[in-house]
>>> print(open('work-v4.txt').read())   # compact mmCIF, C-alpha atoms and all ligand atoms
# COMPACT_ATOMS: atom_id res chain seq x y z
CA MET A 19 22.33 -26.71 -18.91
CA VAL A 20 22.55 -26.10 -15.16
CA LEU A 21 25.25 -23.72 -14.08
CA ALA A 22 26.55 -23.54 -10.56
CA PHE A 23 26.63 -20.20 -8.83
CA ALA A 24 30.03 -18.63 -9.08
CA PRO A 25 31.27 -18.19 -5.49
CA ILE A 26 31.38 -14.44 -5.07
CA PHE A 27 31.68 -13.80 -1.36
CA SER A 28 31.68 -16.17 1.54
CA GLY A 29 29.40 -14.34 3.94
CA ALA A 30 27.38 -11.19 4.47
CA GLN A 31 29.18 -8.11 5.81
CA PRO A 32 31.89 -9.67 7.98
CA SER A 33 32.09 -8.40 11.57
CA TYR A 34 29.67 -5.63 10.81
CA THR A 35 29.75 -2.67 13.16
CA PRO A 36 26.73 -0.43 12.60
CA SER A 37 27.58 3.24 12.17
CA PRO A 38 26.28 5.89 14.62
CA GLU A 39 23.73 6.95 11.95
CA ASN A 40 22.58 3.39 11.66
CA LEU A 41 22.18 2.98 15.42
CA ALA A 42 20.17 6.21 15.54
CA ALA A 43 17.99 4.95 12.68
CA ARG A 44 17.39 1.67 14.51
CA GLU A 45 16.30 3.61 17.56
CA ALA A 46 13.94 5.82 15.51
CA PHE A 47 12.55 2.74 13.78
CA SER A 48 11.79 1.08 17.10
CA GLN A 49 10.04 4.22 18.33
CA ASP A 50 7.74 4.20 15.29
CA ARG A 51 5.99 0.93 16.07
CA PHE A 52 3.63 1.21 13.10
CA GLY A 53 4.18 1.36 9.34
CA ILE A 54 2.14 0.68 6.20
CA PHE A 55 3.22 -1.84 3.59
CA ILE A 56 2.18 -1.25 -0.03
CA HIS A 57 2.24 -4.03 -2.63
CA TRP A 58 1.64 -2.43 -5.98
CA GLY A 59 2.65 -3.45 -9.47
CA ILE A 60 1.31 -4.25 -12.92
CA TYR A 61 -0.13 -7.48 -11.48
CA SER A 62 -2.83 -5.31 -9.88
CA MET A 63 -4.45 -5.15 -13.35
CA ILE A 64 -5.15 -8.89 -13.30
CA GLY A 65 -6.53 -8.57 -9.78
CA HIS A 66 -5.36 -11.96 -8.55
CA GLY A 67 -2.54 -10.91 -6.26
CA GLU A 68 1.19 -10.38 -6.81
CA TRP A 69 1.88 -14.10 -7.29
CA VAL A 70 -0.40 -14.44 -10.33
CA MET A 71 2.51 -14.90 -12.73
CA GLN A 72 3.76 -17.92 -10.79
CA ASN A 73 0.35 -19.27 -9.73
CA GLN A 74 -1.02 -19.28 -13.27
CA ASN A 75 2.27 -20.00 -15.05
CA LEU A 76 2.01 -16.87 -17.17
CA ASP A 77 4.56 -16.54 -19.94
CA TYR A 78 7.04 -13.81 -19.01
CA ARG A 79 6.86 -12.14 -22.46
CA GLU A 80 3.06 -12.05 -22.44
CA TYR A 81 2.97 -10.85 -18.84
CA ALA A 82 5.31 -7.99 -19.75
CA ARG A 83 2.68 -6.71 -22.20
CA LEU A 84 0.59 -5.69 -19.18
CA ALA A 85 2.94 -2.75 -18.77
CA GLY A 86 1.69 -1.24 -22.02
CA GLY A 87 -1.76 -0.85 -20.49
CA PHE A 88 -0.79 0.34 -17.03
CA TYR A 89 -2.28 3.77 -16.48
CA PRO A 90 -3.23 4.35 -12.83
CA SER A 91 -5.20 7.47 -13.64
CA ARG A 92 -6.27 8.15 -10.07
CA PHE A 93 -2.89 7.75 -8.43
CA ASP A 94 -2.22 10.60 -6.05
CA ALA A 95 0.83 10.14 -3.83
CA ARG A 96 -0.29 12.90 -1.47
CA GLU A 97 -3.66 11.24 -0.89
CA TRP A 98 -1.93 7.97 -0.04
CA VAL A 99 0.52 9.58 2.32
CA ARG A 100 -2.15 11.64 4.06
CA ALA A 101 -4.30 8.53 4.62
CA VAL A 102 -1.26 6.69 5.98
CA LYS A 103 -0.31 9.57 8.24
CA ALA A 104 -3.85 9.83 9.59
CA SER A 105 -3.63 6.17 10.63
CA GLY A 106 -0.78 7.00 12.98
CA ALA A 107 1.73 5.03 10.91
CA LYS A 108 5.19 6.57 10.72
CA TYR A 109 6.58 4.98 7.58
CA ILE A 110 5.66 3.38 4.27
CA THR A 111 7.36 0.33 2.80
CA ILE A 112 6.55 0.07 -0.90
CA THR A 113 7.38 -2.62 -3.44
CA SER A 114 9.95 -1.00 -5.71
CA ARG A 115 10.23 -4.28 -7.60
CA HIS A 116 8.42 -7.51 -6.76
CA HIS A 117 9.07 -11.08 -7.95
CA ASP A 118 7.48 -10.35 -11.36
CA GLY A 119 10.55 -8.20 -12.04
CA PHE A 120 8.74 -5.02 -13.02
CA SER A 121 10.36 -1.89 -11.59
CA MET A 122 7.92 0.65 -10.21
CA PHE A 123 10.59 3.36 -10.31
CA ARG A 124 12.81 5.25 -12.77
CA THR A 125 15.73 2.99 -13.59
CA LYS A 126 18.42 2.86 -16.23
CA ALA A 127 19.20 -0.74 -15.35
CA SER A 128 16.21 -2.12 -17.29
CA PRO A 129 13.64 -0.69 -19.72
CA TYR A 130 11.01 -2.79 -17.93
CA ASN A 131 9.94 -0.01 -15.60
CA ILE A 132 7.00 2.27 -14.96
CA VAL A 133 8.56 5.32 -16.64
CA ASP A 134 9.74 3.68 -19.85
CA ALA A 135 7.32 0.79 -20.35
CA THR A 136 3.92 2.24 -19.43
CA PRO A 137 1.80 4.98 -21.00
CA PHE A 138 1.60 6.48 -17.51
CA GLY A 139 5.29 7.33 -17.69
CA ARG A 140 5.47 8.74 -14.18
CA ASP A 141 7.88 7.72 -11.47
CA VAL A 142 5.35 6.85 -8.75
CA ILE A 143 8.14 6.10 -6.29
CA GLY A 144 9.59 9.57 -6.86
CA GLU A 145 6.17 11.14 -6.30
CA LEU A 146 5.70 9.09 -3.18
CA ALA A 147 9.13 10.10 -1.88
CA GLU A 148 8.25 13.75 -2.32
CA ALA A 149 4.87 13.39 -0.60
CA CYS A 150 6.49 11.47 2.27
CA ARG A 151 9.07 14.21 2.68
CA GLU A 152 6.32 16.86 2.84
CA GLU A 153 4.31 14.92 5.40
CA GLY A 154 7.21 13.69 7.54
CA ILE A 155 6.65 10.02 6.76
CA ARG A 156 9.71 7.79 6.32
CA LEU A 157 10.02 5.77 3.12
CA HIS A 158 11.31 2.18 2.93
CA PHE A 159 11.79 0.10 -0.19
CA TYR A 160 10.78 -3.51 -0.61
CA TYR A 161 13.13 -5.12 -3.14
CA SER A 162 12.75 -8.65 -4.48
CA HIS A 163 15.92 -10.67 -4.75
CA LEU A 164 14.20 -13.21 -6.94
CA ASP A 165 12.90 -12.52 -10.44
CA TRP A 166 10.45 -14.57 -12.49
CA GLY A 167 11.10 -12.84 -15.79
CA ARG A 168 14.82 -12.23 -16.28
CA THR A 169 16.83 -14.75 -18.23
CA ASP A 170 19.99 -13.98 -16.25
CA TYR A 171 18.18 -15.13 -13.11
CA TRP A 172 19.67 -18.54 -13.51
CA PRO A 173 19.92 -21.17 -12.03
CA ARG A 174 16.25 -20.80 -11.17
CA GLY A 175 14.96 -21.16 -7.66
CA ARG A 176 11.96 -23.18 -6.59
CA THR A 177 9.43 -20.65 -7.95
CA GLY A 178 8.84 -19.10 -11.36
CA ARG A 179 9.54 -22.34 -13.19
CA GLY A 180 6.49 -22.08 -15.42
CA THR A 181 7.01 -18.61 -16.87
CA GLY A 182 8.56 -19.81 -20.10
CA ARG A 183 12.14 -18.69 -19.68
CA PRO A 184 14.60 -20.66 -21.81
CA ASP A 185 16.28 -23.58 -20.14
CA GLY A 186 19.69 -22.48 -19.03
CA GLY A 187 18.69 -18.83 -19.12
CA ASP A 188 21.67 -16.87 -20.30
CA GLY A 189 23.65 -18.34 -17.45
CA ASP A 190 25.06 -15.04 -16.29
CA TRP A 191 24.30 -14.82 -12.61
CA ARG A 192 26.96 -12.16 -12.08
CA HIS A 193 25.12 -10.03 -14.62
CA TYR A 194 21.96 -10.41 -12.56
CA LEU A 195 23.77 -9.41 -9.37
CA ASP A 196 25.24 -6.35 -11.08
CA PHE A 197 21.73 -5.39 -12.15
CA VAL A 198 20.58 -5.66 -8.52
CA ASN A 199 23.47 -3.48 -7.36
CA ALA A 200 22.72 -0.91 -10.05
CA GLN A 201 19.07 -0.72 -8.97
CA LEU A 202 19.92 -0.49 -5.29
CA THR A 203 22.27 2.36 -6.12
CA GLU A 204 19.46 4.15 -7.95
CA LEU A 205 17.01 3.61 -5.12
CA LEU A 206 19.48 5.06 -2.65
CA THR A 207 20.60 8.05 -4.73
CA GLN A 208 17.43 9.20 -6.48
CA TYR A 209 14.96 9.64 -3.64
CA GLY A 210 16.69 11.24 -0.64
CA PRO A 211 17.09 9.48 2.69
CA ILE A 212 15.57 6.00 2.69
CA GLY A 213 14.62 4.38 5.98
CA ALA A 214 15.18 0.77 4.98
CA ILE A 215 15.74 -1.70 2.19
CA TRP A 216 13.42 -4.67 2.76
CA PHE A 217 14.66 -7.68 0.81
CA ASP A 218 12.45 -10.62 -0.03
CA GLY A 219 12.82 -13.82 -2.04
CA LEU A 220 16.08 -15.29 -0.74
CA TRP A 221 14.00 -18.33 0.24
CA ASP A 222 13.68 -19.08 -3.50
CA MET A 223 17.02 -20.88 -3.21
CA ASP A 224 16.35 -22.54 0.13
CA ALA A 225 17.21 -25.95 -1.25
CA ARG A 226 20.77 -24.73 -0.76
CA PRO A 227 22.19 -24.66 2.80
CA ARG A 228 21.87 -21.55 4.94
CA GLU A 229 25.63 -20.95 4.95
CA ASP A 230 25.63 -20.74 1.14
CA GLN A 231 22.93 -18.06 1.02
CA PRO A 232 25.07 -14.93 1.56
CA GLY A 233 27.42 -16.06 -1.19
CA ILE A 234 24.64 -16.96 -3.63
CA TRP A 235 22.97 -13.61 -3.21
CA ASN A 236 26.06 -11.49 -2.87
CA LEU A 237 24.83 -10.11 0.43
CA GLU A 238 28.25 -8.94 1.58
CA GLU A 239 28.66 -6.62 -1.37
CA GLN A 240 25.02 -5.54 -1.42
CA TYR A 241 24.85 -4.75 2.27
CA ALA A 242 28.16 -2.86 2.18
CA LEU A 243 26.91 -0.89 -0.83
CA ILE A 244 23.70 0.11 0.95
CA HIS A 245 25.51 1.14 4.12
CA ARG A 246 28.09 3.06 2.14
CA LEU A 247 25.48 4.99 0.14
CA GLN A 248 23.26 5.67 3.15
CA PRO A 249 24.76 4.61 6.49
CA GLY A 250 21.43 5.26 8.21
CA CYS A 251 19.48 3.01 5.85
CA LEU A 252 18.40 -0.14 7.69
CA ILE A 253 18.63 -3.52 6.03
CA GLY A 254 15.97 -6.13 6.63
CA ASN A 255 15.64 -9.42 4.80
CA ASN A 256 12.45 -11.46 4.84
CA HIS A 257 14.31 -14.73 4.41
CA HIS A 258 12.39 -16.45 7.24
CA ILE A 259 15.64 -17.49 8.93
CA ALA A 260 17.85 -15.93 11.60
CA PRO A 261 19.43 -12.62 10.52
CA PHE A 262 22.72 -12.58 8.63
CA GLU A 263 25.61 -10.32 9.52
CA GLY A 264 25.00 -6.84 8.12
CA GLU A 265 21.23 -6.83 8.71
CA ASP A 266 19.81 -4.16 10.97
CA ILE A 267 16.28 -5.33 11.62
CA GLN A 268 14.62 -8.74 11.86
CA ILE A 269 11.42 -9.42 9.96
CA PHE A 270 8.59 -11.84 10.74
CA GLU A 271 5.95 -12.57 8.13
CA LYS A 272 2.39 -12.89 9.44
CA ASP A 273 3.74 -13.91 12.83
CA LEU A 274 4.40 -12.12 16.06
CA PRO A 275 8.06 -12.60 16.98
CA GLY A 276 8.51 -15.94 18.71
CA GLU A 277 5.28 -17.38 17.31
CA ASN A 278 4.98 -19.50 14.21
CA GLU A 279 1.30 -19.54 13.36
CA ALA A 280 1.77 -18.77 9.67
CA GLY A 281 4.50 -21.35 9.26
CA PHE A 282 7.18 -18.95 7.99
CA SER A 283 9.09 -18.49 11.23
CA ALA A 284 10.08 -22.02 12.19
CA GLY A 285 13.77 -21.40 11.65
CA GLN A 286 14.05 -18.05 13.27
CA GLU A 287 14.92 -17.29 16.84
CA VAL A 288 14.09 -13.80 18.00
CA SER A 289 17.31 -11.76 17.78
CA ARG A 290 18.31 -8.58 19.58
CA LEU A 291 17.79 -6.48 16.46
CA PRO A 292 14.76 -4.19 16.13
CA LEU A 293 11.81 -6.35 15.13
CA GLU A 294 9.04 -6.01 12.59
CA THR A 295 5.98 -8.14 11.85
CA CYS A 296 4.26 -7.70 8.51
CA GLN A 297 0.60 -8.61 8.14
CA THR A 298 -2.18 -8.35 5.56
CA MET A 299 -5.45 -6.43 6.11
CA ASN A 300 -7.37 -9.03 4.14
CA ARG A 301 -5.77 -12.27 2.92
CA SER A 302 -3.71 -10.76 0.08
CA TRP A 303 -0.62 -8.62 -0.35
CA GLY A 304 -1.17 -7.39 -3.92
CA TYR A 305 -4.66 -6.32 -5.04
CA ASP A 306 -6.99 -9.30 -5.35
CA ILE A 307 -10.38 -8.38 -6.73
CA ARG A 308 -11.91 -11.50 -5.13
CA ASP A 309 -10.69 -10.84 -1.63
CA LYS A 310 -13.09 -8.93 0.59
CA ASP A 311 -12.09 -10.91 3.65
CA TYR A 312 -10.85 -7.95 5.67
CA LYS A 313 -9.87 -8.23 9.30
CA SER A 314 -11.94 -5.87 11.42
CA ALA A 315 -10.46 -2.58 12.60
CA ASP A 316 -10.77 -3.83 16.21
CA TYR A 317 -8.82 -6.97 15.34
CA LEU A 318 -6.10 -4.91 13.65
CA ILE A 319 -5.82 -2.51 16.60
CA ARG A 320 -5.43 -5.46 18.96
CA TYR A 321 -2.87 -6.98 16.61
CA LEU A 322 -0.91 -3.73 16.70
CA VAL A 323 -1.05 -3.79 20.50
CA ARG A 324 0.10 -7.41 20.61
CA THR A 325 2.94 -6.61 18.23
CA ALA A 326 4.10 -3.65 20.32
CA ALA A 327 3.91 -5.88 23.40
CA LYS A 328 6.47 -8.16 21.71
CA GLY A 329 8.72 -5.13 21.27
CA ALA A 330 8.07 -5.13 17.51
CA ASN A 331 6.70 -2.83 14.81
CA LEU A 332 3.62 -3.73 12.81
CA LEU A 333 3.89 -3.29 9.04
CA LEU A 334 0.28 -3.48 7.86
CA ASN A 335 -0.31 -4.09 4.18
CA ILE A 336 -2.54 -2.47 1.56
CA GLY A 337 -2.83 -3.59 -2.07
CA PRO A 338 -3.84 -0.57 -4.20
CA ARG A 339 -6.08 -1.02 -7.21
CA PRO A 340 -4.77 -0.73 -10.79
CA ASP A 341 -6.28 2.77 -11.03
CA GLY A 342 -4.09 3.89 -8.15
CA THR A 343 -6.80 4.12 -5.48
CA LEU A 344 -6.63 2.46 -2.10
CA PRO A 345 -9.63 0.18 -1.44
CA GLU A 346 -12.29 1.81 0.75
CA GLU A 347 -12.06 -1.07 3.22
CA ALA A 348 -8.40 -0.22 3.72
CA LEU A 349 -9.10 3.50 4.08
CA GLU A 350 -11.79 2.82 6.68
CA ARG A 351 -9.37 0.71 8.69
CA LEU A 352 -6.61 3.30 8.45
CA ALA A 353 -9.02 5.93 9.79
CA ALA A 354 -10.21 3.71 12.64
CA ILE A 355 -6.67 2.81 13.70
CA GLY A 356 -5.75 6.50 13.49
CA ALA A 357 -8.65 7.52 15.73
CA TRP A 358 -7.51 4.94 18.29
CA MET A 359 -3.84 5.97 18.02
CA ASP A 360 -4.79 9.62 18.59
CA VAL A 361 -5.89 8.62 22.06
CA TYR A 362 -3.74 5.59 22.85
CA GLY A 363 -0.56 6.39 20.90
CA GLU A 364 1.27 7.06 24.17
CA THR A 365 0.88 3.38 25.03
CA ILE A 366 2.39 2.23 21.71
CA TYR A 367 4.96 4.69 20.27
CA GLY A 368 8.38 4.51 21.84
CA THR A 369 7.43 1.58 24.06
CA GLU A 370 9.12 -1.75 24.48
CA ALA A 371 7.78 -5.14 25.52
CA GLY A 372 6.37 -4.86 29.03
CA LEU A 373 7.99 -6.58 32.01
CA THR A 374 4.77 -8.53 32.32
CA GLY A 375 4.60 -11.07 29.51
CA PRO A 376 1.36 -12.08 27.73
CA GLN A 377 -1.44 -13.06 30.12
CA GLU A 378 -4.89 -14.54 29.67
CA TRP A 379 -6.39 -11.06 29.92
CA GLY A 380 -3.95 -9.35 27.54
CA VAL A 381 -0.46 -7.92 27.16
CA SER A 382 1.73 -5.04 28.31
CA THR A 383 3.97 -2.36 26.89
CA GLN A 384 6.42 -0.24 28.82
CA LYS A 385 8.20 3.10 28.72
CA GLY A 386 10.77 3.70 31.47
CA ASP A 387 9.04 3.21 34.82
CA VAL A 388 5.56 3.24 33.31
CA LEU A 389 3.82 0.00 32.40
CA TYR A 390 0.71 -0.08 30.22
CA LEU A 391 -1.51 -3.08 30.73
CA HIS A 392 -3.67 -3.71 27.69
CA VAL A 393 -6.74 -5.67 28.73
CA LEU A 394 -7.93 -7.36 25.55
CA GLU A 395 -10.24 -9.93 27.18
CA PRO A 396 -12.82 -8.24 29.44
CA THR A 397 -12.33 -9.08 33.11
CA GLU A 398 -13.03 -7.49 36.51
CA VAL A 399 -9.67 -8.17 38.10
CA ILE A 400 -6.33 -8.53 36.43
CA THR A 401 -3.79 -10.70 38.11
CA PHE A 402 -0.11 -10.73 37.18
CA ASP A 403 3.35 -11.29 38.58
CA PHE A 404 5.33 -8.10 38.70
CA PRO A 405 8.86 -7.90 40.04
CA ARG A 406 8.73 -4.19 40.97
CA LYS A 407 6.74 -2.22 43.53
CA ILE A 408 3.67 -0.62 42.02
CA ARG A 409 3.32 3.02 43.06
CA SER A 410 0.03 3.83 41.34
CA ALA A 411 -2.51 2.38 38.94
CA GLU A 412 -4.87 4.48 36.89
CA ALA A 413 -7.29 4.00 34.03
CA PHE A 414 -5.94 5.29 30.72
CA PRO A 415 -6.67 7.80 29.27
CA ASP A 416 -9.01 9.33 31.87
CA GLY A 417 -6.51 9.04 34.74
CA SER A 418 -8.97 7.84 37.41
CA ALA A 419 -7.22 5.96 40.22
CA LEU A 420 -7.74 2.19 40.31
CA ARG A 421 -7.71 -0.02 43.40
CA PHE A 422 -4.84 -2.49 43.46
CA ASP A 423 -3.01 -4.75 45.86
CA GLN A 424 0.46 -6.19 45.73
CA LYS A 425 1.87 -8.39 48.49
CA ARG A 426 5.41 -9.70 48.73
CA ASN A 427 5.93 -12.93 46.72
CA ALA A 428 2.35 -12.90 45.45
CA PRO A 429 0.74 -11.77 42.21
CA ALA A 430 -0.53 -8.21 41.98
CA HIS A 431 -4.24 -7.51 41.42
CA ILE A 432 -5.86 -4.53 39.80
CA TYR A 433 -9.60 -4.04 40.09
CA LEU A 434 -11.14 -2.69 36.92
CA PRO A 435 -14.26 -0.63 36.36
CA ALA A 436 -16.66 -2.09 33.79
CA ALA A 437 -15.43 -1.22 30.32
CA PRO A 438 -17.99 0.49 28.07
CA GLU A 439 -19.54 -1.78 25.44
CA GLY A 440 -17.28 -2.07 22.42
CA THR A 441 -14.01 -1.21 24.20
CA VAL A 442 -11.20 -2.49 22.00
CA ASP A 443 -8.48 -2.34 24.62
CA GLN A 444 -8.97 -1.31 28.25
CA VAL A 445 -5.68 0.27 29.28
CA VAL A 446 -4.28 0.59 32.78
CA LYS A 447 -1.28 2.80 33.39
CA ILE A 448 0.99 1.72 36.20
CA LYS A 449 3.87 3.65 37.67
CA PHE A 450 6.52 1.70 39.49
O1 LIG A 501 6.39 -13.81 -1.85
C1 LIG A 501 6.28 -12.70 -1.05
C2 LIG A 501 4.87 -12.18 -1.01
O2 LIG A 501 4.42 -11.89 -2.28
C3 LIG A 501 4.84 -10.93 -0.16
O3 LIG A 501 5.63 -9.93 -0.72
C4 LIG A 501 5.31 -11.27 1.22
C5 LIG A 501 5.36 -10.10 2.16
O4 LIG A 501 5.97 -10.46 3.33
N1 LIG A 501 6.65 -11.86 1.20
C6 LIG A 501 6.85 -12.98 0.30
C7 LIG A 501 6.59 -14.29 0.88
O5 LIG A 501 7.45 -14.56 1.91
>>> encode(input="work-v4.txt", output="structure tokens")
Amino acid sequence: MVLAFAPIFSGAQPSYTPSPENLAAREAFSQDRFGIFIHWGIYSMIGHGEWVMQNQNLDYREYARLAGGFYPSRFDAREWVRAVKASGAKYITITSRHHDGFSMFRTKASPYNIVDATPFGRDVIGELAEACREEGIRLHFYYSHLDWGRTDYWPRGRTGRGTGRPDGGDGDWRHYLDFVNAQLTELLTQYGPIGAIWFDGLWDMDARPREDQPGIWNLEEQYALIHRLQPGCLIGNNHHIAPFEGEDIQIFEKDLPGENEAGFSAGQEVSRLPLETCQTMNRSWGYDIRDKDYKSADYLIRYLVRTAAKGANLLLNIGPRPDGTLPEEALERLAAIGAWMDVYGETIYGTEAGLTGPQEWGVSTQKGDVLYLHVLEPTEVITFDFPRKIRSAEAFPDGSALRFDQKRNAPAHIYLPAAPEGTVDQVVKIKF
């Protein structure tokens, strides 16, 4: 039996006008420039990433038995938050529920959750919320629209077809949407102010036209609910297409805005909303015991710089182990990025894309009448077109004056001292 989706609403929040709280939250979000993504769930026990249920066609009833053995004995929310804070990141986005359908938080909407279904019995999201509050780190929730284990998630999308759910499910899509609303309500009433809800999985139904998507997923009601419960809570949706009405930020997966290297961003123009790029530290989102292919700290710092130069935030992912620890490789990278941000944070936080677009030698960020040139490819002279008169150029952070010339209708040149061996990013600060 294949049931059609009952038409619920025609579009996402019609003619949405963001509230003053929401506009202030957007501004604060854009100032942050750097956040940490955490993909954690019972799949971490298998150690083959968060898609293991789909990739290995695991039966949903058998998979659910994992919960009975989930006991992350070394989980310490404060340790996580301190490591994140030391990296210079300003917020954490954690998977409250991923596609496997297991809720990592206290919920009355389903017994399949960390408090009721595991011997651990602790609300890790609640503990994280408290630690974030203590340390001044904002908390965002990832929330999967799609579900590979619920029988009311029917008709099925293009994934999760091999998890053994009965054909036809129970055919009650409205029931599923009510469950989603109930969980969103819990997430926004149990844990204090939440910076953002980060949806994912809408692409599961991408065989259906774009204009049908808000109706299928009930976005109008969901978005209105979120904004009613917490007007300052930002809504982002990793649907890989242009934002729908009611969304407050635009997300790019493994791509800098305007680029499409990963292949997820083909259908999305860069909007005027605050932007965020999410990226993995190794190749995986959820913990994969086989994956030691970590990007170097230098690479990640440069990626953060490139993201800021696009006027976007970087959301850098970590997949904690089943015992609740963060892999050492991740901790080392957090520390290295933090050491760099301690010195260079001024050139990243609160900046926007620089007037000078990407060049062969690097990129630029800007704050008011200050431009930061980030030289990522060593060179002796940087050449760039700049529409404003340069008043001064100095090396950052030491402040030593740099020789420059700028003639009318000709590119400007800045003459650089040799960068010490191992310089990740040679920064020039220009006032104009
Ligand atoms: O399927 C997910 C994936 O597991 C992960 O959560 C990423 C993060 O951006 N998003 C989805 C793929 O688009």
>>> atom_distance(input="work-v4.txt", atom1="CA of Leu84 in chain A", atom2="CA of Phe120 in chain A")
10.2 Å
>>> residues_near_ligand(input="work-v4.txt", ligand="ligand LIG 501 (chain A)", cutoff="7 Å", atoms="only C-alpha atoms and all ligand atoms", output="PyMOL selection string")
chain A and resi 68-69+218-219+256+271+296+303
>>> closest_residue(input="work-v4.txt", among="A:Ala326, A:Val442, A:Leu243, A:Ile253", to="Gly372 in chain A", atoms="only C-alpha atoms")
A:Ala326
>>> atom_distance(input="work-v4.txt", atom1="CA of Leu420 in chain A", atom2="CA of Gly440 in chain A")
20.7 Å
>>> closest_residue(input="work-v4.txt", among="A:Arg183, A:Lys447, A:His116, A:His392", to="Val323 in chain A", atoms="all atoms listed in the file")
A:His392
>>> residues_around(input="work-v4.txt", residues="Phe414 in chain A", least_positions_apart="2", cutoff="8 Å", atoms="all atoms listed in the file", output="PyMOL selection string")
chain A and resi 412+416-418+444-447
>>> atom_distance(input="work-v4.txt", atom1="CA of Tyr194 in chain A", atom2="CA of Arg79 in chain A")
18.1 Å
>>> closest_residue(input="work-v4.txt", among="A:Leu247, A:Trp191, A:Arg406, A:His57", to="Gly233 in chain A", atoms="all atoms listed in the file")
A:Trp191
>>> closest_residue(input="work-v4.txt", among="A:Asp360, A:Asp170, A:Asp50, A:Asp190", to="Arg156 in chain A", atoms="all atoms listed in the file")
A:Asp50
>>> residues_around(input="work-v4.txt", residues="range 376-387 of chain A", least_positions_apart="4", cutoff="9 Å", atoms="all atoms listed in the file", output="PyMOL selection string")
chain A and resi 323-324+326-329+365-366+368-372+391-397+400-402+443+448-450
>>> residues_around(input="work-v4.txt", residues="Asp165 in chain A", least_positions_apart="5", cutoff="8 Å", atoms="all atoms listed in the file", output="number ranges by chain")
A: 116-119, 171, 178
>>> closest_residue(input="work-v4.txt", among="A:Gly186, A:Pro38, A:Gly175, A:Gly67", to="Trp235 in chain A", atoms="all atoms listed in the file")
A:Gly175
>>> closest_residue(input="work-v4.txt", among="A:Asp341, A:Glu263, A:Glu204, A:Glu439", to="Thr125 in chain A", atoms="all atoms listed in the file")
A:Glu204
>>> axis_aligned_box(input="work-v4.txt", around="range 432-446 of chain A", padding_each_side="3 Å", output="lines of an AutoDock Vina configuration file")
center_x = -11.9
center_y = -2.0
center_z = 31.0
size_x = 21.3
size_y = 11.1
size_z = 24.1
>>> residues_around(input="work-v4.txt", residues="Gln240 in chain A", least_positions_apart="2", cutoff="9 Å", atoms="only C-alpha atoms", output="PyMOL selection string")
chain A and resi 30-31+195+198-199+202+235-238+242-245
>>> decode(input="work-v4.txt", residues="range 171-183 of chain A", atoms="N, CA and C atoms", output="mmCIF file, in the first residue's frame")
data_model
loop_
_atom_site.group_PDB
_atom_site.id
_atom_site.type_symbol
_atom_site.label_atom_id
_atom_site.label_comp_id
_atom_site.auth_asym_id
_atom_site.auth_seq_id
_atom_site.Cartn_x
_atom_site.Cartn_y
_atom_site.Cartn_z
ATOM 1 N N TYR A 171 6.670 6.714 9.686
ATOM 2 C CA TYR A 171 7.407 7.437 8.648
ATOM 3 C C TYR A 171 7.109 6.741 7.319
ATOM 4 N N TRP A 172 6.000 7.100 6.771
ATOM 5 C CA TRP A 172 5.509 6.433 5.575
ATOM 6 C C TRP A 172 4.625 7.360 4.780
ATOM 7 N N PRO A 173 4.715 7.503 3.480
ATOM 8 C CA PRO A 173 5.590 6.772 2.572
ATOM 9 C C PRO A 173 7.071 7.018 2.873
ATOM 10 N N ARG A 174 7.876 5.988 2.591
ATOM 11 C CA ARG A 174 9.309 6.098 2.804
ATOM 12 C C ARG A 174 9.936 7.032 1.779
ATOM 13 N N GLY A 175 11.107 7.534 2.139
ATOM 14 C CA GLY A 175 11.863 8.338 1.180
ATOM 15 C C GLY A 175 12.806 7.442 0.407
ATOM 16 N N ARG A 176 13.883 8.032 -0.089
ATOM 17 C CA ARG A 176 14.794 7.212 -0.909
ATOM 18 C C ARG A 176 15.817 6.465 -0.061
ATOM 19 N N THR A 177 15.881 6.729 1.250
ATOM 20 C CA THR A 177 16.824 5.988 2.101
ATOM 21 C C THR A 177 16.042 5.163 3.126
ATOM 22 N N GLY A 178 16.761 4.293 3.815
ATOM 23 C CA GLY A 178 16.141 3.504 4.887
ATOM 24 C C GLY A 178 15.161 2.472 4.378
ATOM 25 N N ARG A 179 15.365 2.022 3.149
ATOM 26 C CA ARG A 179 14.403 1.059 2.578
ATOM 27 C C ARG A 179 14.720 -0.377 2.973
ATOM 28 N N GLY A 180 15.928 -0.587 3.540
ATOM 29 C CA GLY A 180 16.297 -1.961 3.863
ATOM 30 C C GLY A 180 16.309 -2.239 5.355
ATOM 31 N N THR A 181 15.560 -1.464 6.135
ATOM 32 C CA THR A 181 15.622 -1.633 7.587
ATOM 33 C C THR A 181 14.486 -2.501 8.124
ATOM 34 N N GLY A 182 13.742 -3.100 7.218
ATOM 35 C CA GLY A 182 12.776 -4.114 7.637
ATOM 36 C C GLY A 182 11.427 -3.608 8.091
ATOM 37 N N ARG A 183 11.147 -2.341 7.873
ATOM 38 C CA ARG A 183 9.825 -1.857 8.294
ATOM 39 C C ARG A 183 8.740 -2.438 7.391
#
